[in-house]
>>> print(open('data05.cif').read())   # mmCIF, C-alpha atoms and all ligand atoms
data_work
loop_
_atom_site.label_atom_id
_atom_site.label_comp_id
_atom_site.auth_asym_id
_atom_site.auth_seq_id
_atom_site.Cartn_x
_atom_site.Cartn_y
_atom_site.Cartn_z
CA MET A 1 25.97 116.90 103.04
CA ALA A 2 25.47 113.63 104.78
CA SER A 3 22.82 111.33 103.49
CA GLU A 4 19.65 110.40 105.28
CA GLU A 5 19.90 107.63 107.85
CA PRO A 6 17.57 104.65 107.73
CA ASP A 7 14.27 105.25 109.47
CA ARG A 8 14.17 103.44 112.82
CA GLY A 9 10.84 104.56 114.12
CA THR A 10 11.88 108.16 114.34
CA ARG A 11 12.78 110.54 111.58
CA ARG A 12 16.25 111.88 111.54
CA ARG A 13 17.16 115.33 110.42
CA TRP A 14 20.57 116.89 109.92
CA PHE A 15 21.49 120.27 111.13
CA ARG A 16 24.47 122.28 112.14
CA LEU A 17 25.74 122.31 115.69
CA PRO A 18 26.01 125.97 116.60
CA GLY A 19 29.58 127.07 116.53
CA LEU A 20 30.88 124.02 114.74
CA GLN A 21 32.13 123.81 111.23
CA SER A 22 30.84 123.11 107.77
CA GLU A 23 28.10 120.98 106.36
CA SER A 24 30.29 117.92 106.35
CA LYS A 25 30.28 118.15 110.14
CA ASP A 26 26.57 118.33 110.60
CA ILE A 27 25.13 116.50 113.52
CA ALA A 28 22.33 113.98 113.46
CA ARG A 29 19.35 114.61 115.66
CA GLU A 30 16.40 112.35 115.99
CA GLU A 31 13.02 113.89 116.38
CA THR A 32 9.60 112.47 116.78
CA GLU A 33 7.11 112.96 113.99
CA ALA A 34 5.26 115.55 116.04
CA ASP A 35 8.31 117.71 116.44
CA LEU A 36 9.14 117.97 112.79
CA SER A 37 8.14 120.97 110.83
CA SER A 38 9.08 122.35 107.46
CA GLU A 39 10.39 125.54 109.01
CA PRO A 40 14.15 125.98 109.02
CA LEU A 41 15.71 125.26 112.37
CA PRO A 42 16.41 128.40 114.39
CA VAL A 43 20.15 128.17 114.40
CA ASP A 44 21.65 131.61 114.61
CA ALA A 45 24.01 132.27 111.77
CA PRO A 46 27.60 132.55 112.85
CA PRO A 47 28.45 136.21 113.13
CA THR A 48 31.63 136.29 111.13
CA GLY A 49 34.03 134.17 109.12
CA GLU A 50 33.28 130.76 107.78
CA GLY A 51 30.89 129.64 110.45
CA GLY A 52 33.37 127.45 112.21
CA LEU A 53 34.29 127.02 115.83
CA SER A 54 37.06 129.56 115.28
CA ASP A 55 34.38 132.22 114.94
CA TYR A 56 33.63 131.74 118.61
CA VAL A 57 36.79 130.69 120.29
CA PRO A 58 40.36 131.30 119.23
CA ALA A 59 42.64 128.40 118.49
CA PRO A 60 45.18 127.81 121.22
CA GLN A 61 48.84 128.34 120.50
CA PRO A 62 50.94 125.24 119.88
CA THR A 63 52.34 123.85 123.09
CA PRO A 64 56.11 123.85 123.34
CA VAL A 65 57.37 120.92 125.36
CA THR A 66 59.93 122.00 127.88
CA PRO A 67 63.06 119.82 127.90
CA GLY A 68 62.88 117.33 130.71
CA GLU A 69 59.14 117.74 131.03
CA SER A 70 56.92 115.00 129.79
CA PRO A 71 54.31 116.05 127.25
CA SER A 72 50.79 116.37 128.50
CA LEU A 73 49.65 113.07 127.06
CA PRO A 74 50.08 109.88 129.00
CA ALA A 75 52.50 107.38 127.55
CA ALA A 76 50.39 104.36 128.20
CA GLY A 77 47.19 103.14 129.70
CA PRO A 78 43.81 102.22 128.43
CA ASP A 79 41.97 104.70 126.29
CA PRO A 80 38.47 105.01 127.76
CA THR A 81 37.07 106.06 124.42
CA THR A 82 37.70 102.60 123.08
CA VAL A 83 36.05 100.77 125.94
CA ASP A 84 32.79 99.12 125.12
CA PRO A 85 30.10 101.34 126.65
CA VAL A 86 28.10 98.95 128.76
CA GLU A 87 27.18 101.30 131.59
CA VAL A 88 25.41 103.98 129.64
CA ASP A 89 22.26 104.89 131.50
CA GLU A 90 20.43 107.24 129.21
CA PRO A 91 18.56 106.87 125.97
CA GLN A 92 20.77 107.27 122.98
CA VAL A 93 19.47 110.56 121.67
CA VAL A 94 17.58 113.15 123.62
CA GLU A 95 15.45 116.01 122.50
CA THR A 96 17.63 119.04 122.88
CA PRO A 97 16.57 122.50 121.83
CA LEU A 98 19.01 124.34 119.71
CA ALA A 99 21.40 126.71 121.36
CA SER A 100 21.68 130.18 120.05
CA ALA A 101 25.13 130.84 118.73
CA PRO A 102 27.52 131.86 121.45
CA GLU A 103 29.03 135.28 121.35
CA PRO A 104 32.33 135.40 119.55
CA ALA A 105 35.40 135.80 121.68
CA PRO A 106 37.78 138.34 120.20
CA ALA A 107 40.91 136.48 119.20
CA THR A 108 43.14 139.30 120.36
CA ALA A 109 41.73 139.07 123.87
CA THR A 110 42.05 135.34 124.28
CA GLU A 111 44.82 134.07 122.10
CA SER A 112 47.38 134.17 124.87
CA ILE A 113 45.43 132.30 127.51
CA PHE A 114 46.56 128.94 126.20
CA GLY A 115 50.20 129.84 126.69
CA GLU A 116 52.16 127.15 128.43
CA SER A 117 53.78 128.26 131.63
CA SER A 118 56.23 125.98 133.37
CA PHE A 119 54.73 123.18 135.40
CA GLU A 120 55.80 123.26 138.99
CA LEU A 121 54.04 122.28 142.16
CA PRO A 122 52.18 123.54 144.06
CA ARG A 123 49.44 124.31 141.57
CA VAL A 124 46.03 125.81 142.03
CA ILE A 125 43.64 124.68 139.32
CA SER A 126 40.16 126.12 138.86
CA ILE A 127 37.66 123.76 137.34
CA ALA A 128 35.38 126.16 135.56
CA ASN A 129 32.64 126.33 132.98
CA GLN A 130 29.67 128.57 133.54
CA LYS A 131 27.51 126.03 131.83
CA GLY A 132 25.76 123.93 134.45
CA GLY A 133 25.98 120.19 134.85
CA VAL A 134 29.01 119.58 132.65
CA GLY A 135 30.97 117.61 135.24
CA LYS A 136 32.92 120.31 137.09
CA THR A 137 32.20 118.92 140.54
CA THR A 138 32.51 115.29 139.44
CA THR A 139 35.91 116.15 137.99
CA ALA A 140 37.04 118.13 141.04
CA VAL A 141 36.13 115.26 143.38
CA ASN A 142 37.39 112.38 141.26
CA LEU A 143 40.47 114.03 139.82
CA GLY A 144 41.31 115.17 143.34
CA ALA A 145 40.95 111.64 144.66
CA ALA A 146 42.98 110.16 141.82
CA LEU A 147 45.76 112.71 142.36
CA ALA A 148 45.73 111.85 146.06
CA GLU A 149 46.00 108.16 145.17
CA LEU A 150 49.13 109.01 143.18
CA GLY A 151 50.53 110.32 146.45
CA TYR A 152 49.96 114.03 145.94
CA ARG A 153 48.51 116.05 148.77
CA VAL A 154 45.32 117.55 147.41
CA LEU A 155 42.85 120.17 148.61
CA VAL A 156 39.46 120.52 146.96
CA VAL A 157 38.02 123.98 147.55
CA ASP A 158 34.26 123.93 147.15
CA LEU A 159 33.46 127.35 145.73
CA ASP A 160 29.89 126.50 144.77
CA PRO A 161 27.01 127.31 147.15
CA GLN A 162 25.39 124.05 146.05
CA GLY A 163 28.12 122.34 148.06
CA ASN A 164 28.17 119.26 145.85
CA ALA A 165 31.90 118.71 146.13
CA THR A 166 31.51 118.83 149.91
CA THR A 167 28.82 116.15 150.05
CA GLY A 168 30.46 114.19 147.23
CA LEU A 169 33.50 113.86 149.48
CA GLY A 170 31.40 112.59 152.36
CA ILE A 171 31.11 115.78 154.41
CA SER A 172 27.62 116.57 155.63
CA HIS A 173 26.65 120.24 155.49
CA ARG A 174 25.23 119.87 158.99
CA ASN A 175 28.63 119.02 160.42
CA VAL A 176 30.53 121.85 158.78
CA GLU A 177 31.94 124.26 161.36
CA GLY A 178 33.98 126.52 159.12
CA SER A 179 33.43 126.84 155.41
CA ILE A 180 34.81 128.65 152.40
CA TYR A 181 32.29 131.40 153.18
CA ASP A 182 34.14 132.12 156.43
CA VAL A 183 37.43 132.08 154.59
CA ILE A 184 36.29 134.57 151.97
CA MET A 185 33.98 136.83 153.98
CA ASN A 186 35.37 136.63 157.53
CA ASP A 187 39.08 136.13 156.85
CA THR A 188 39.04 132.83 158.71
CA PRO A 189 42.30 130.99 157.96
CA MET A 190 41.81 128.27 155.38
CA ASP A 191 43.49 125.75 157.69
CA ASP A 192 40.71 126.19 160.25
CA CYS A 193 38.08 125.11 157.73
CA VAL A 194 39.81 122.23 155.93
CA GLU A 195 38.39 118.78 156.62
CA PRO A 196 39.99 115.41 155.92
CA THR A 197 38.14 112.95 153.68
CA SER A 198 38.01 109.17 153.53
CA VAL A 199 40.83 109.27 150.98
CA LYS A 200 44.34 109.62 152.32
CA ASN A 201 45.98 112.89 151.22
CA LEU A 202 42.66 114.35 150.09
CA PHE A 203 41.16 117.31 151.94
CA VAL A 204 38.21 119.58 151.33
CA CYS A 205 37.37 123.14 152.25
CA PRO A 206 33.58 122.76 152.36
CA ALA A 207 30.84 125.05 151.13
CA THR A 208 27.44 125.63 152.62
CA ILE A 209 24.45 127.51 151.33
CA ASP A 210 25.80 130.65 153.10
CA LEU A 211 28.06 131.02 150.12
CA ALA A 212 25.11 132.00 147.95
CA GLY A 213 25.07 135.33 149.77
CA ALA A 214 28.74 135.91 149.10
CA GLU A 215 28.15 136.84 145.46
CA ILE A 216 26.20 139.86 146.71
CA GLU A 217 28.11 140.51 149.91
CA LEU A 218 31.35 140.65 147.97
CA VAL A 219 30.16 143.46 145.71
CA PRO A 220 31.10 146.35 148.02
CA ALA A 221 34.09 144.52 149.53
CA PHE A 222 37.62 145.81 149.18
CA SER A 223 39.66 143.72 146.71
CA ARG A 224 36.61 141.60 146.21
CA GLU A 225 38.14 139.61 143.34
CA LEU A 226 41.25 138.65 145.31
CA LYS A 227 39.73 137.27 148.50
CA LEU A 228 40.39 133.63 147.65
CA LYS A 229 43.85 134.34 146.29
CA ARG A 230 44.81 135.96 149.59
CA ALA A 231 43.26 133.14 151.58
CA LEU A 232 45.20 130.56 149.59
CA GLN A 233 48.52 132.35 149.95
CA GLY A 234 49.02 130.80 153.35
CA ALA A 235 47.61 127.40 152.41
CA ARG A 236 48.72 126.59 148.88
CA ASP A 237 52.16 125.46 149.97
CA ASP A 238 50.56 122.80 152.17
CA TYR A 239 49.22 120.98 149.13
CA ASP A 240 50.60 119.81 145.81
CA PHE A 241 47.31 120.48 144.07
CA THR A 242 44.45 122.74 145.07
CA LEU A 243 41.39 122.15 142.90
CA VAL A 244 38.75 124.87 142.99
CA ASP A 245 35.27 123.69 142.08
CA CYS A 246 33.66 126.79 140.56
CA PRO A 247 29.92 127.48 140.43
CA PRO A 248 28.06 127.51 137.12
CA SER A 249 28.30 131.25 136.61
CA LEU A 250 30.84 133.88 135.71
CA GLY A 251 30.16 135.91 138.84
CA LEU A 252 32.47 137.07 141.58
CA LEU A 253 33.00 133.62 143.05
CA THR A 254 34.28 132.26 139.75
CA VAL A 255 36.40 135.38 139.26
CA ASN A 256 37.87 134.73 142.73
CA GLY A 257 38.64 131.15 141.67
CA LEU A 258 40.32 132.26 138.45
CA ALA A 259 42.25 135.04 140.16
CA ALA A 260 43.62 132.56 142.70
CA SER A 261 44.63 129.92 140.16
CA ASP A 262 47.63 128.99 138.08
CA ASP A 263 45.50 127.06 135.62
CA VAL A 264 41.96 126.58 134.42
CA LEU A 265 40.65 123.14 133.61
CA VAL A 266 37.49 123.29 131.50
CA PRO A 267 35.19 120.26 131.46
CA ILE A 268 33.12 120.02 128.31
CA GLN A 269 30.17 117.68 128.24
CA CYS A 270 29.93 115.65 125.04
CA GLU A 271 26.40 116.83 124.41
CA TYR A 272 24.57 119.13 122.11
CA TYR A 273 25.12 122.39 123.99
CA ALA A 274 28.77 121.53 124.54
CA LEU A 275 30.32 124.73 123.27
CA GLU A 276 27.71 127.20 124.33
CA GLY A 277 29.28 129.93 126.39
CA LEU A 278 32.81 128.69 125.83
CA GLY A 279 33.79 131.91 124.07
CA GLN A 280 32.45 133.91 127.00
CA LEU A 281 34.36 131.76 129.47
CA LEU A 282 37.61 132.15 127.55
CA ARG A 283 37.07 135.87 127.28
CA ASN A 284 36.62 136.06 131.05
CA VAL A 285 39.77 134.04 131.57
CA ALA A 286 41.55 136.55 129.33
CA LEU A 287 40.14 139.46 131.34
CA VAL A 288 41.21 137.93 134.64
CA LYS A 289 44.63 137.19 133.16
CA SER A 290 45.16 140.74 131.95
CA ASN A 291 43.72 142.48 134.99
CA LEU A 292 44.18 140.27 138.02
CA ASN A 293 46.37 137.25 137.41
CA PRO A 294 48.95 137.34 134.61
CA ASP A 295 50.01 133.75 135.37
CA LEU A 296 46.62 132.25 134.54
CA ASP A 297 46.48 129.74 131.67
CA VAL A 298 43.92 127.36 130.34
CA ARG A 299 45.78 124.19 131.15
CA GLY A 300 43.40 121.80 129.54
CA ILE A 301 39.99 120.78 128.36
CA VAL A 302 38.50 117.52 129.50
CA LEU A 303 35.65 115.85 127.68
CA THR A 304 33.09 114.40 130.07
CA MET A 305 30.04 112.16 129.94
CA TYR A 306 31.20 110.63 126.71
CA ASP A 307 28.79 108.10 125.29
CA ALA A 308 30.57 106.26 122.51
CA ARG A 309 27.28 104.95 121.17
CA THR A 310 26.18 108.36 120.02
CA ARG A 311 27.31 110.06 116.88
CA LEU A 312 26.91 113.35 118.69
CA ALA A 313 29.57 112.55 121.30
CA ILE A 314 31.99 111.41 118.62
CA GLN A 315 31.31 114.57 116.63
CA VAL A 316 31.76 116.89 119.61
CA GLU A 317 35.03 115.19 120.51
CA ARG A 318 36.35 115.49 116.97
CA GLU A 319 35.43 119.14 116.69
CA VAL A 320 36.90 120.08 120.06
CA ARG A 321 40.12 118.20 119.32
CA GLU A 322 40.43 119.74 115.87
CA HIS A 323 40.10 123.19 117.33
CA PHE A 324 42.01 122.96 120.59
CA GLY A 325 44.60 120.35 119.66
CA ASP A 326 46.78 119.14 122.48
CA LYS A 327 44.97 121.36 124.96
CA VAL A 328 42.35 118.61 125.10
CA TYR A 329 43.32 115.82 127.44
CA ARG A 330 43.52 112.47 125.73
CA THR A 331 41.55 110.90 128.52
CA VAL A 332 37.83 111.11 127.92
CA VAL A 333 35.54 110.53 130.89
CA PRO A 334 32.81 108.09 129.91
CA ARG A 335 29.21 108.49 130.95
CA THR A 336 28.64 105.74 133.49
CA VAL A 337 26.03 104.96 136.09
CA ARG A 338 28.71 104.27 138.68
CA ILE A 339 30.14 107.80 138.43
CA SER A 340 26.70 109.29 138.98
CA GLU A 341 25.97 106.97 141.92
CA ALA A 342 29.21 107.58 143.80
CA PRO A 343 28.32 111.05 145.24
CA SER A 344 25.27 109.70 147.04
CA PHE A 345 27.64 107.46 148.99
CA GLY A 346 29.99 110.37 149.65
CA GLU A 347 32.79 108.59 147.86
CA PRO A 348 34.95 109.33 144.84
CA ILE A 349 34.66 106.76 142.09
CA ILE A 350 38.10 105.28 142.82
CA VAL A 351 36.76 104.28 146.24
CA PHE A 352 33.18 103.51 145.28
CA ASP A 353 34.10 101.24 142.39
CA ALA A 354 37.84 101.09 142.04
CA THR A 355 37.93 99.06 138.85
CA SER A 356 35.09 100.74 136.98
CA ARG A 357 35.63 102.55 133.71
CA GLY A 358 35.06 105.88 135.43
CA ALA A 359 37.76 105.13 138.00
CA VAL A 360 40.18 104.12 135.24
CA ALA A 361 39.42 107.33 133.34
CA TYR A 362 39.96 109.62 136.31
CA ARG A 363 43.22 107.84 137.17
CA GLU A 364 44.42 108.40 133.63
CA LEU A 365 43.34 112.02 133.78
CA ALA A 366 45.28 112.44 137.03
CA LYS A 367 48.42 111.18 135.29
CA GLU A 368 47.93 113.64 132.46
CA VAL A 369 47.22 116.56 134.75
CA SER A 370 50.11 115.87 137.12
CA ARG A 371 52.61 115.01 134.37
CA GLY A 372 54.50 112.94 136.85
CA ALA A 373 55.58 116.08 138.71
CA THR A 374 57.60 115.44 141.83
CA ARG A 375 55.57 115.57 145.01
CA ARG A 376 56.58 118.33 147.31
CA ALA A 377 53.90 118.82 149.97
CA GLY A 378 53.24 116.69 153.02
N1 LIG B 401 30.91 110.77 133.64
C1 LIG B 401 29.68 110.81 134.15
N2 LIG B 401 28.83 109.78 133.97
C2 LIG B 401 27.57 109.84 134.48
N3 LIG B 401 27.09 110.86 135.18
C3 LIG B 401 27.90 111.91 135.38
C4 LIG B 401 29.24 111.95 134.88
N4 LIG B 401 29.79 113.13 135.23
C5 LIG B 401 28.86 113.79 135.91
N5 LIG B 401 27.73 113.08 136.00
C6 LIG B 401 26.48 113.47 136.65
O1 LIG B 401 26.00 114.62 135.98
C7 LIG B 401 25.46 115.54 136.92
C8 LIG B 401 26.22 116.85 136.80
O2 LIG B 401 27.54 116.64 137.13
P1 LIG B 401 28.32 117.68 138.03
O3 LIG B 401 27.54 118.02 139.26
O4 LIG B 401 29.71 117.17 138.23
O5 LIG B 401 28.34 118.92 137.05
P2 LIG B 401 28.69 120.44 137.42
O6 LIG B 401 29.27 121.04 136.20
O7 LIG B 401 29.50 120.50 138.65
O8 LIG B 401 27.25 121.01 137.72
P3 LIG B 401 26.94 122.48 138.31
O9 LIG B 401 27.15 123.40 137.15
O10 LIG B 401 25.51 122.39 138.76
O11 LIG B 401 27.89 122.74 139.41
C9 LIG B 401 25.60 114.89 138.28
O12 LIG B 401 24.41 114.26 138.61
C10 LIG B 401 26.69 113.88 138.09
O13 LIG B 401 26.56 112.78 138.96
MG MG B 402 29.17 121.60 140.41
#
>>> encode(input="data05.cif", output="structure tokens", more="lines below")
Ligand SMILES: Nc1ncnc2c1ncn2[C@@H]1O[C@H](COP(=O)(O)OP(=O)(O)OP(=O)(O)O)[C@@H](O)[C@H]1O
Ligand SMILES: [Mg+2]
Amino acid sequence: MASEEPDRGTRRRWFRLPGLQSESKDIAREETEADLSSEPLPVDAPPTGEGGLSDYVPAPQPTPVTPGESPSLPAAGPDPTTVDPVEVDEPQVVETPLASAPEPAPATATESIFGESSFELPRVISIANQKGGVGKTTTAVNLGAALAELGYRVLVVDLDPQGNATTGLGISHRNVEGSIYDVIMNDTPMDDCVEPTSVKNLFVCPATIDLAGAEIELVPAFSRELKLKRALQGARDDYDFTLVDCPPSLGLLTVNGLAASDDVLVPIQCEYYALEGLGQLLRNVALVKSNLNPDLDVRGIVLTMYDARTRLAIQVEREVREHFGDKVYRTVVPRTVRISEAPSFGEPIIVFDATSRGAVAYRELAKEVSRGATRRAG
């Protein structure tokens, strides 16, 4: 058990991060005097096993490296985790209620979803995590822009009724003529709805609030889970990468995203609730893989909003890497003010502040994700 930290105006108490392992990996949490009580903290006991992350999510299989294919880690480049965190904009430790333990994902159902299929373009990648605010949209927009900067032709499909990827790429909802709603519900060709962005090679299929109705309107629809897959059949060859920004739910829209994709990219926020719902997400990926899309794999996990000043972020990173191994991208996206400001200017970070730490991180992530694959679209 770790020892008590010095008192710095707040009292610090140690407790277990739900779903993570062993007392030696307890996480520090600062609480005000008023919040402390002698009652034990309401952390649900892990349901089975030793109480480790493996109780909730299965370990991925080791990744075989195909001859001639570069491994998923970049050979060089700055490691954002080592950069001095000068742009952190939030207090070091926040009050965060404890998560209840996530449901365990049966290992038999999910162990194959980390399998490594061959890496050929074009690729459709869903950016999914039903947990809200973990950086899905920020990653879709900025990874998309960084891939486009590498010369790939990239389409961002905004599959979230919030339409944040649309506005983050500088498209006003008011000016949208055709949207992903029309593609999914009215069989409008994807091409008719795609808009160019301020970044060369980067395109977006926008979303408007209409899409909120699609979750319900899809329910009685024929082949309701495969609407996006069918819509992309004609369009995917026009792009090297299609990134699907999924909504924060596991509803029909996300299922459509997963069913249409070759890969899933899961952003995990380096915060206290990081792993909540991850087992459920992986179980859904396994269900989609076995029922709708046998080619689907979890391509990678990206750690977002990393604040190197906090013990919590370091702990979450260590735990996720220990469990998922090389499925976790080496690039860690730092928490920076500039990344959070960029969407209000309708610009990806590589345009808004090309030399910022966030821009560097997303460029590195783009290299890892693309693995130097030969461009083919355009
Ligand atoms: N690396 C970062 N540094 C600072 N702020 C960030 C970073 N990544 C994301 N944010 C901010 O965090 C908030 C949530 O990010 P984002 O919208 O990308 O998450 P999301 O998973 O798409 O959310 P939702 O589940 O609502 O769709 C946004 O305000 C965004 O600007
Ligand atoms: Mg989003």
>>> closest_residue(input="data05.cif", among="A:Pro267, A:Pro294, A:Gly257, A:Gly234", to="ligand LIG 401 (chain B)", atoms="all atoms listed in the file")
A:Pro267
>>> atom_distance(input="data05.cif", atom1="CA of Glu120 in chain A", atom2="CA of Val369 in chain A")
11.7 Å
>>> closest_residue(input="data05.cif", among="A:Arg299, A:Lys131, A:Arg236, A:Lys227", to="Asp263 in chain A", atoms="all atoms listed in the file")
A:Arg299
>>> closest_residue(input="data05.cif", among="A:Gly178, A:Gly358, A:Gly163, A:Pro189", to="Ser340 in chain A", atoms="only C-alpha atoms")
A:Gly358
>>> residues_near_ligand(input="data05.cif", ligand="ligand LIG 401 (chain B)", cutoff="6 Å", atoms="only C-alpha atoms and all ligand atoms", output="ChimeraX atom specification")
/A:131-138,247-248,304-305,333-337,339-340
>>> closest_residue(input="data05.cif", among="A:Cys270, A:Leu218, A:Leu275, A:Ile349", to="Leu252 in chain A", atoms="all atoms listed in the file")
A:Leu218
>>> closest_residue(input="data05.cif", among="A:Gly151, A:Gly300, A:Pro343, A:Gly277", to="ligand MG 402 (chain B)", atoms="only C-alpha atoms and all ligand atoms")
A:Pro343
>>> atom_distance(input="data05.cif", atom1="CA of Val219 in chain A", atom2="CA of Asp297 in chain A")
25.5 Å
>>> closest_residue(input="data05.cif", among="A:Lys200, A:Ala165, A:Leu150, A:Arg376", to="ligand MG 402 (chain B)", atoms="all atoms listed in the file")
A:Ala165
